[in-house]
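Quick look at protein29.cif (mmCIF, C-alpha atoms):
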data_run
loop_
_atom_site.label_atom_id
_atom_site.label_comp_id
_atom_site.auth_asym_id
_atom_site.auth_seq_id
_atom_site.Cartn_x
_atom_site.Cartn_y
_atom_site.Cartn_z
CA THR A 1 1.76 31.85 -1.56
CA LEU A 2 2.37 28.62 0.32
CA CYS A 3 0.74 30.04 3.44
CA GLN A 4 -2.33 31.02 1.42
CA LYS A 5 -2.57 27.48 0.02
CA ARG A 6 -2.23 26.03 3.50
CA LEU A 7 -5.06 28.29 4.68
CA GLN A 8 -7.10 26.67 1.93
CA ARG A 9 -6.35 23.35 3.67
CA VAL A 10 -3.94 22.03 1.05
CA PRO A 11 -1.84 19.41 2.90
CA LEU A 12 1.56 20.63 4.02
CA GLN A 13 3.20 17.61 2.37
CA TYR A 14 1.93 18.72 -1.06
CA LEU A 15 3.32 22.21 -0.45
CA THR A 16 6.76 20.98 0.61
CA ARG A 17 6.56 18.05 -1.84
CA GLU A 18 7.93 15.60 0.68
CA GLN A 19 6.94 13.20 3.44
CA SER A 20 9.13 11.12 5.72
CA PHE A 21 8.51 7.36 5.68
CA CYS A 22 10.58 4.84 7.64
CA GLY A 23 13.34 7.43 7.93
CA TYR A 24 13.49 8.24 4.21
CA SER A 25 12.27 11.37 2.45
CA PHE A 26 9.71 10.69 -0.29
CA LEU A 27 8.51 13.01 -3.02
CA VAL A 28 4.72 13.41 -2.86
CA THR A 29 2.42 15.30 -5.20
CA PRO A 30 -1.38 15.45 -5.52
CA ASP A 31 -1.05 12.41 -7.84
CA VAL A 32 -0.28 10.12 -4.89
CA LEU A 33 -1.53 9.42 -1.40
CA ILE A 34 0.53 10.91 1.43
CA PRO A 35 2.24 8.00 3.27
CA ARG A 36 0.95 7.46 6.83
CA PRO A 37 2.70 6.21 9.99
CA GLU A 38 0.37 3.18 10.05
CA THR A 39 1.76 2.09 6.71
CA GLU A 40 5.26 2.24 8.16
CA GLU A 41 4.20 -0.57 10.49
CA LEU A 42 2.91 -2.59 7.52
CA CYS A 43 6.26 -2.08 5.79
CA GLU A 44 8.23 -3.13 8.86
CA ARG A 45 6.19 -6.34 9.12
CA CYS A 46 6.96 -7.14 5.48
CA ILE A 47 10.67 -6.64 6.14
CA GLU A 48 10.46 -8.91 9.18
CA ILE A 49 8.76 -11.65 7.14
CA LEU A 50 11.42 -11.47 4.45
CA GLN A 51 14.32 -11.49 6.90
CA GLN A 52 12.94 -14.52 8.72
CA SER A 53 11.77 -16.44 5.65
CA GLY A 54 15.00 -18.03 4.49
CA TRP A 55 14.17 -17.05 0.89
CA GLU A 56 17.44 -16.28 -0.91
CA THR A 57 16.04 -13.89 -3.52
CA PRO A 58 12.43 -13.26 -2.54
CA ARG A 59 10.13 -11.75 -5.13
CA VAL A 60 7.96 -8.95 -3.74
CA LEU A 61 4.96 -7.23 -5.33
CA ASP A 62 3.72 -3.84 -4.07
CA LEU A 63 0.20 -3.42 -5.46
CA CYS A 64 -1.34 0.08 -5.62
CA CYS A 65 2.13 1.41 -4.88
CA GLY A 66 1.36 5.15 -4.93
CA SER A 67 4.56 6.99 -4.01
CA GLY A 68 6.36 3.63 -3.96
CA CYS A 69 7.14 4.00 -0.28
CA ILE A 70 6.54 0.36 0.70
CA GLY A 71 8.34 -1.27 -2.20
CA THR A 72 11.24 1.18 -2.07
CA VAL A 73 11.87 0.72 1.65
CA VAL A 74 11.61 -3.07 1.34
CA ALA A 75 14.20 -2.98 -1.48
CA LEU A 76 16.52 -0.81 0.63
CA ARG A 77 16.19 -2.88 3.80
CA VAL A 78 16.26 -6.30 2.09
CA PRO A 79 18.74 -5.89 -0.80
CA SER A 80 18.29 -9.51 -1.89
CA ALA A 81 14.59 -8.90 -2.64
CA GLN A 82 13.40 -8.47 -6.21
CA VAL A 83 10.72 -5.81 -5.83
CA THR A 84 8.05 -4.86 -8.36
CA CYS A 85 5.77 -1.85 -7.82
CA THR A 86 2.55 -1.47 -9.79
CA ASP A 87 -0.16 1.13 -10.12
CA TYR A 88 -2.83 2.02 -12.65
CA ALA A 89 -1.63 5.48 -13.73
CA GLU A 90 1.53 6.56 -15.50
CA SER A 91 1.70 9.74 -13.38
CA VAL A 92 1.77 7.61 -10.23
CA ILE A 93 4.43 5.26 -11.60
CA ARG A 94 6.52 8.30 -12.51
CA ILE A 95 6.50 9.56 -8.89
CA ALA A 96 7.27 6.09 -7.51
CA ARG A 97 10.15 5.58 -9.94
CA THR A 98 11.57 9.00 -9.04
CA ASN A 99 11.56 8.07 -5.35
CA ALA A 100 13.24 4.71 -5.92
CA GLU A 101 15.94 6.24 -8.09
CA LYS A 102 16.53 9.12 -5.67
CA LEU A 103 17.03 6.70 -2.78
CA GLY A 104 19.09 4.22 -4.78
CA ALA A 105 16.60 1.34 -4.51
CA GLN A 106 16.55 -1.44 -7.10
CA VAL A 107 12.85 -1.61 -7.99
CA SER A 108 10.98 -2.61 -11.14
CA PHE A 109 7.77 -0.86 -12.19
CA ALA A 110 4.74 -1.99 -14.15
CA LYS A 111 1.61 -0.07 -15.08
CA GLY A 112 -1.76 -1.78 -14.92
CA ASP A 113 -4.92 -2.50 -12.97
CA LEU A 114 -3.83 -4.72 -10.05
CA PHE A 115 -2.56 -8.09 -11.33
CA GLU A 116 -2.97 -7.14 -14.98
CA ALA A 117 0.38 -5.40 -14.61
CA VAL A 118 2.28 -8.61 -13.75
CA GLN A 119 0.46 -11.16 -15.94
CA ASP A 120 1.51 -14.69 -14.88
CA SER A 121 4.36 -13.73 -12.51
CA LEU A 122 4.66 -15.42 -9.10
CA PHE A 123 5.77 -13.74 -5.87
CA ASP A 124 6.80 -14.74 -2.36
CA LEU A 125 5.22 -11.66 -0.82
CA ILE A 126 2.40 -9.48 -2.08
CA VAL A 127 1.73 -6.29 -0.11
CA SER A 128 -0.91 -3.63 -0.65
CA ASN A 129 -2.40 -0.60 1.03
CA PRO A 130 -5.47 -0.37 -1.21
CA PRO A 131 -8.31 2.18 -1.11
CA TYR A 132 -10.62 1.17 1.75
CA ILE A 133 -12.87 4.10 2.61
CA PRO A 134 -16.56 3.58 1.73
CA THR A 135 -17.70 5.90 -1.05
CA ALA A 136 -20.25 7.72 1.11
CA ASP A 137 -17.64 8.37 3.82
CA CYS A 138 -15.27 10.00 1.35
CA ARG A 139 -17.51 13.08 1.32
CA THR A 140 -17.07 13.54 5.09
CA LEU A 141 -13.29 13.21 5.26
CA GLN A 142 -11.09 15.94 6.74
CA GLU A 143 -10.64 18.70 4.19
CA GLU A 144 -6.92 18.06 3.86
CA VAL A 145 -7.59 14.42 3.01
CA ARG A 146 -10.07 15.42 0.32
CA HIS A 147 -7.14 17.06 -1.53
CA GLU A 148 -5.60 13.60 -1.94
CA PRO A 149 -6.45 11.46 -4.99
CA MET A 150 -9.89 9.96 -4.48
CA THR A 151 -8.83 6.91 -6.47
CA ALA A 152 -6.43 6.11 -3.61
CA LEU A 153 -9.15 6.48 -0.97
CA ASP A 154 -12.48 5.28 -2.38
CA GLY A 155 -12.90 1.55 -1.81
CA GLY A 156 -16.43 1.25 -3.16
CA TYR A 157 -19.80 1.32 -1.43
CA ASP A 158 -18.58 -0.75 1.55
CA GLY A 159 -14.85 -0.06 1.26
CA LEU A 160 -14.12 -3.68 0.33
CA ASP A 161 -13.98 -3.62 -3.47
CA PHE A 162 -10.20 -3.89 -3.69
CA TYR A 163 -9.97 -6.62 -1.06
CA ARG A 164 -12.39 -8.74 -3.08
CA ARG A 165 -10.35 -8.24 -6.23
CA ILE A 166 -6.98 -8.77 -4.55
CA ALA A 167 -8.18 -11.90 -2.74
CA ALA A 168 -9.58 -13.32 -5.97
CA GLY A 169 -6.31 -12.85 -7.84
CA ALA A 170 -3.56 -13.18 -5.25
CA GLY A 171 -3.68 -16.97 -5.04
CA ASN A 172 -2.71 -17.18 -8.71
CA HIS A 173 0.34 -14.98 -8.13
CA LEU A 174 1.70 -16.37 -4.85
CA ARG A 175 4.21 -19.18 -4.61
CA ALA A 176 3.30 -22.19 -2.48
CA ASP A 177 4.55 -20.69 0.79
CA GLY A 178 3.82 -17.08 -0.15
CA VAL A 179 2.35 -14.34 2.04
CA LEU A 180 -0.25 -11.65 1.37
CA MET A 181 -0.02 -8.54 3.56
CA LEU A 182 -2.81 -5.94 3.51
CA GLU A 183 -3.48 -2.70 5.32
CA ILE A 184 -7.14 -2.38 6.33
CA GLY A 185 -9.51 0.13 7.86
CA ALA A 186 -9.91 -0.30 11.62
CA ASP A 187 -13.44 -1.67 11.19
CA LYS A 188 -12.65 -3.98 8.27
CA ALA A 189 -10.86 -6.89 9.96
CA GLU A 190 -13.72 -9.40 10.02
CA PRO A 191 -15.09 -8.64 6.53
CA VAL A 192 -11.60 -8.87 5.02
CA ARG A 193 -10.94 -12.12 6.90
CA GLU A 194 -14.15 -13.58 5.48
CA ILE A 195 -13.25 -12.46 1.96
CA LEU A 196 -9.84 -14.13 2.20
CA MET A 197 -11.16 -17.33 3.75
CA ALA A 198 -13.73 -17.58 0.96
CA GLN A 199 -10.80 -17.76 -1.46
CA ARG A 200 -7.91 -20.20 -0.96
CA PHE A 201 -6.41 -18.63 2.15
CA SER A 202 -6.39 -21.03 5.09
CA SER A 203 -4.32 -18.91 7.48
CA VAL A 204 -5.45 -15.33 8.15
CA HIS A 205 -4.11 -13.24 11.04
CA VAL A 206 -5.08 -9.69 12.02
CA TYR A 207 -2.51 -7.37 13.61
CA GLN A 208 -3.11 -4.13 15.47
CA ASP A 209 -1.26 -0.86 14.96
CA LEU A 210 0.39 1.16 17.72
CA GLN A 211 -2.98 2.73 18.54
CA GLY A 212 -4.39 -0.71 19.29
CA LEU A 213 -6.62 -0.67 16.18
CA ASP A 214 -7.00 -3.55 13.74
CA ARG A 215 -4.83 -2.44 10.82
CA TYR A 216 -3.05 -5.30 9.04
CA VAL A 217 -3.98 -8.71 7.70
CA GLU A 218 -1.44 -11.42 6.98
CA ALA A 219 -2.74 -14.30 4.88
CA ARG A 220 -1.18 -17.51 3.60
CA VAL A 221 -2.60 -20.00 1.14
#

Show me this structure written as structure tokens.
Amino acid sequence: TLCQKRLQRVPLQYLTREQSFCGYSFLVTPDVLIPRPETEELCERCIEILQQSGWETPRVLDLCCGSGCIGTVVALRVPSAQVTCTDYAESVIRIARTNAEKLGAQVSFAKGDLFEAVQDSLFDLIVSNPPYIPTADCRTLQEEVRHEPMTALDGGYDGLDFYRRIAAGAGNHLRADGVLMLEIGADKAEPVREILMAQRFSSVHVYQDLQGLDRYVEARV
């Protein structure tokens, strides 16, 4: 039965119900995006920031958490961090909570649309791997990818909808020396930089992944 589903291009990770991320095994279902190696690099950069920051009990927000892979690994690697994971759907939160509990990570969860889930809370680090594929491009994705939740892929007509919304709200939820870390599409570095600079972010740096592609943006108010 599993072989027949794979022949129908259902992703292997949904058949086995697991995906490795930063050395940990995560439960994945069709409710959540399958974690990618590029996001491991984003997670490692967040851990590096926290370890070098000098913050005693840093507060971390993982927006659009999906399987909870980023927030869970940060909580495991930086035990002093107070991590909150948010997503819009109860089914997604349920998967993320299962992963955190299975791995023994101390993580809080909140359901809501981006910052609505955390109200007036402030954080030292906000990290997100939001949907960033333009709507028209979603129809041309590899067939396996089209089995993944479109809500985790579709970033609007130009792929920038979530960056606009995150940039508009992040400044109100970051402490004075806080950091915003975002994963981006390889062709989105300059547009995302402009979006952030148009808000209150004065320091915006773009980092490349191991393929040499623009993949991460680090911004400070």

- What lies within 8 Å of His173 of chain A using all atoms listed in the file, ignoring chain neighbours under 6 positions off, as a PyMOL selection string? chain A and resi 120-123

Run the PyMOL selection byres ((chain A and resi 81) around 6) mentally over the shown coordinates, then write out the matched residues as a PDB file with C-alpha atoms, in the coordinates of the input, using the chain letters and numbers from the document.
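expr08.pdb was written with the following content:
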ATOM      1  CA  THR A  57      16.040 -13.890  -3.520  1.00  0.00           C
ATOM      2  CA  PRO A  58      12.430 -13.260  -2.540  1.00  0.00           C
ATOM      3  CA  ARG A  59      10.130 -11.750  -5.130  1.00  0.00           C
ATOM      4  CA  VAL A  78      16.260  -6.300   2.090  1.00  0.00           C
ATOM      5  CA  PRO A  79      18.740  -5.890  -0.800  1.00  0.00           C
ATOM      6  CA  SER A  80      18.290  -9.510  -1.890  1.00  0.00           C
ATOM      7  CA  GLN A  82      13.400  -8.470  -6.210  1.00  0.00           C
ATOM      8  CA  VAL A  83      10.720  -5.810  -5.830  1.00  0.00           C
TER       9      VAL A  83
END

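Atom CA of Leu33 of chain A is positioned 9.0 Å from atom CA of Val145 of chain A.
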
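Of note, atom CA of Gln211 of chain A and atom CA of Pro37 of chain A are spaced 10.8 Å apart.
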
- Task: Would you kindly translate the PyMOL selection byres ((chain A and resi 39) around 10) into the concrete residues it picks from this file, as a list of chain:residue names?
- Result: A:Phe21, A:Cys22, A:Pro35, A:Arg36, A:Pro37, A:Glu38, A:Glu40, A:Glu41, A:Leu42, A:Cys43, A:Glu44, A:Arg45, A:Cys69, A:Ile70, A:Ser128, A:Asn129, A:Leu182, A:Glu183, A:Ile184, A:Asp209, A:Arg215, A:Tyr216

- May I ask for the distance between atom CA of Leu12 of chain A and atom CA of Asp31 of chain A, given in Å to one decimal place?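 It comes out at 14.7 Å.
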
- Message: List as a PyMOL selection string the protein and nucleic acid residues near Thr86 of chain A, meaning an atom at most 7 Å away when all atoms listed in the file are counted, but skip any in the same chain fewer than 2 places from it.
- Response: chain A and resi 62-65+84+109-112+117

Kindly compute an axis-aligned box around the listed atoms of segment 165-168 of chain A, allowing 4 Å on each side, and express its centre and edge lengths in Å to one decimal as JSON.
{"center_x": -8.7, "center_y": -10.8, "center_z": -4.5, "size_x": 11.4, "size_y": 13.1, "size_z": 11.5}

Give me, as CSV, the closest atom pair and its distance (Å, one decimal) for every residue of segment 83-122 of chain A within a cut-off of 12 Å of segment 159-163 of chain A, counting all atoms listed in the file, rows sorted by chain and rising number.
residue,atom,partner,partner_atom,distance
A:Asp113,CA,A:Phe162,CA,10.8
A:Leu114,CA,A:Phe162,CA,9.0
A:Phe115,CA,A:Phe162,CA,11.6

How would the residues just chosen look if you wrote them out with C-alpha atoms as a CSV table (one decimal), keeping the file's coordinate frame?
chain,number,residue,atom,x,y,z
A,113,ASP,CA,-4.9,-2.5,-13.0
A,114,LEU,CA,-3.8,-4.7,-10.0
A,115,PHE,CA,-2.6,-8.1,-11.3

- Item | Given the PyMOL selection byres ((chain A and resi 148) around 10), the residues it picks as a list in words |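 Output of the PyMOL selection byres ((chain A and resi 148) around 10): Val10, Pro11, Tyr14, Thr29, Pro30, Asp31, Val32, Leu33, Ile34, Glu143, Glu144, Val145, Arg146, His147, Pro149, Met150, Thr151, Ala152 and Leu153 of chain A.
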
- Query: Taking into account only C-alpha atoms, which residue in the set A:Ile126, A:Leu15, A:Ala89, A:Pro134 is nearest to Val74 of chain A?
  - Reply: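 For Val74 of chain A, the nearest of the given residues is A:Ile126.
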
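Take the candidates A:Thr98, A:Cys3, A:Arg220, A:Gln51 and check each one against Arg175 of chain A using all atoms listed in the file; the shortest distance goes to A:Arg220.
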
- Task: Quick one: everything within 9 Å of Gln199 of chain A, counting all atoms listed in the file, minus sequence neighbours fewer than 3 positions away in the same chain. Send it as an MDAnalysis selection string.
- Result: chainID A and resid 167:168 171 194:196 202 221

- Item | Best match for closeness to Ile49 of chain A among A:Val179, A:Leu210, A:Ala136, A:Val204, counting only C-alpha atoms |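 Of A:Val179, A:Leu210, A:Ala136, A:Val204, the one nearest Ile49 of chain A is A:Val179, counting only C-alpha atoms.
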
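If all atoms listed in the file are the atoms counted, then among A:Tyr88, A:Trp55, A:Val192, A:Asp124 the closest residue to Val206 of chain A is A:Val192.
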
- Item | Option closest in space to Leu50 of chain A, from A:Arg6, A:Asp187, A:Arg77, A:Leu141 [counting all atoms listed in the file] |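 Between A:Arg6, A:Asp187, A:Arg77, A:Leu141, the residue approaching Leu50 of chain A most closely is A:Arg77.
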
- In terms of the shortest atom-to-atom distance over all atoms listed in the file, which of A:Leu76, A:Ser20, A:Leu125, A:Gln119 is closest to Val107 of chain A? A:Leu76

- Item | Who sits within 6 Å of Asp214 of chain A, only C-alpha atoms, same chain under 3 positions skipped, as number ranges by chain | A: 186, 207-208

Would you mind exporting C-alpha atoms of the selected residues as a PDB file, in the coordinates of the input?
ATOM      1  CA  ALA A 186      -9.910  -0.300  11.620  1.00  0.00           C
ATOM      2  CA  TYR A 207      -2.510  -7.370  13.610  1.00  0.00           C
ATOM      3  CA  GLN A 208      -3.110  -4.130  15.470  1.00  0.00           C
TER       4      GLN A 208
END

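Residues in contact with Arg193 of chain A at up to 10 Å, not including ones fewer than 5 positions away on its chain and judged by only C-alpha atoms, are Tyr163, Lys188, Ala198, Phe201, Ser203, Val204, His205, Val206, Val217, Glu218 and Ala219 of chain A.
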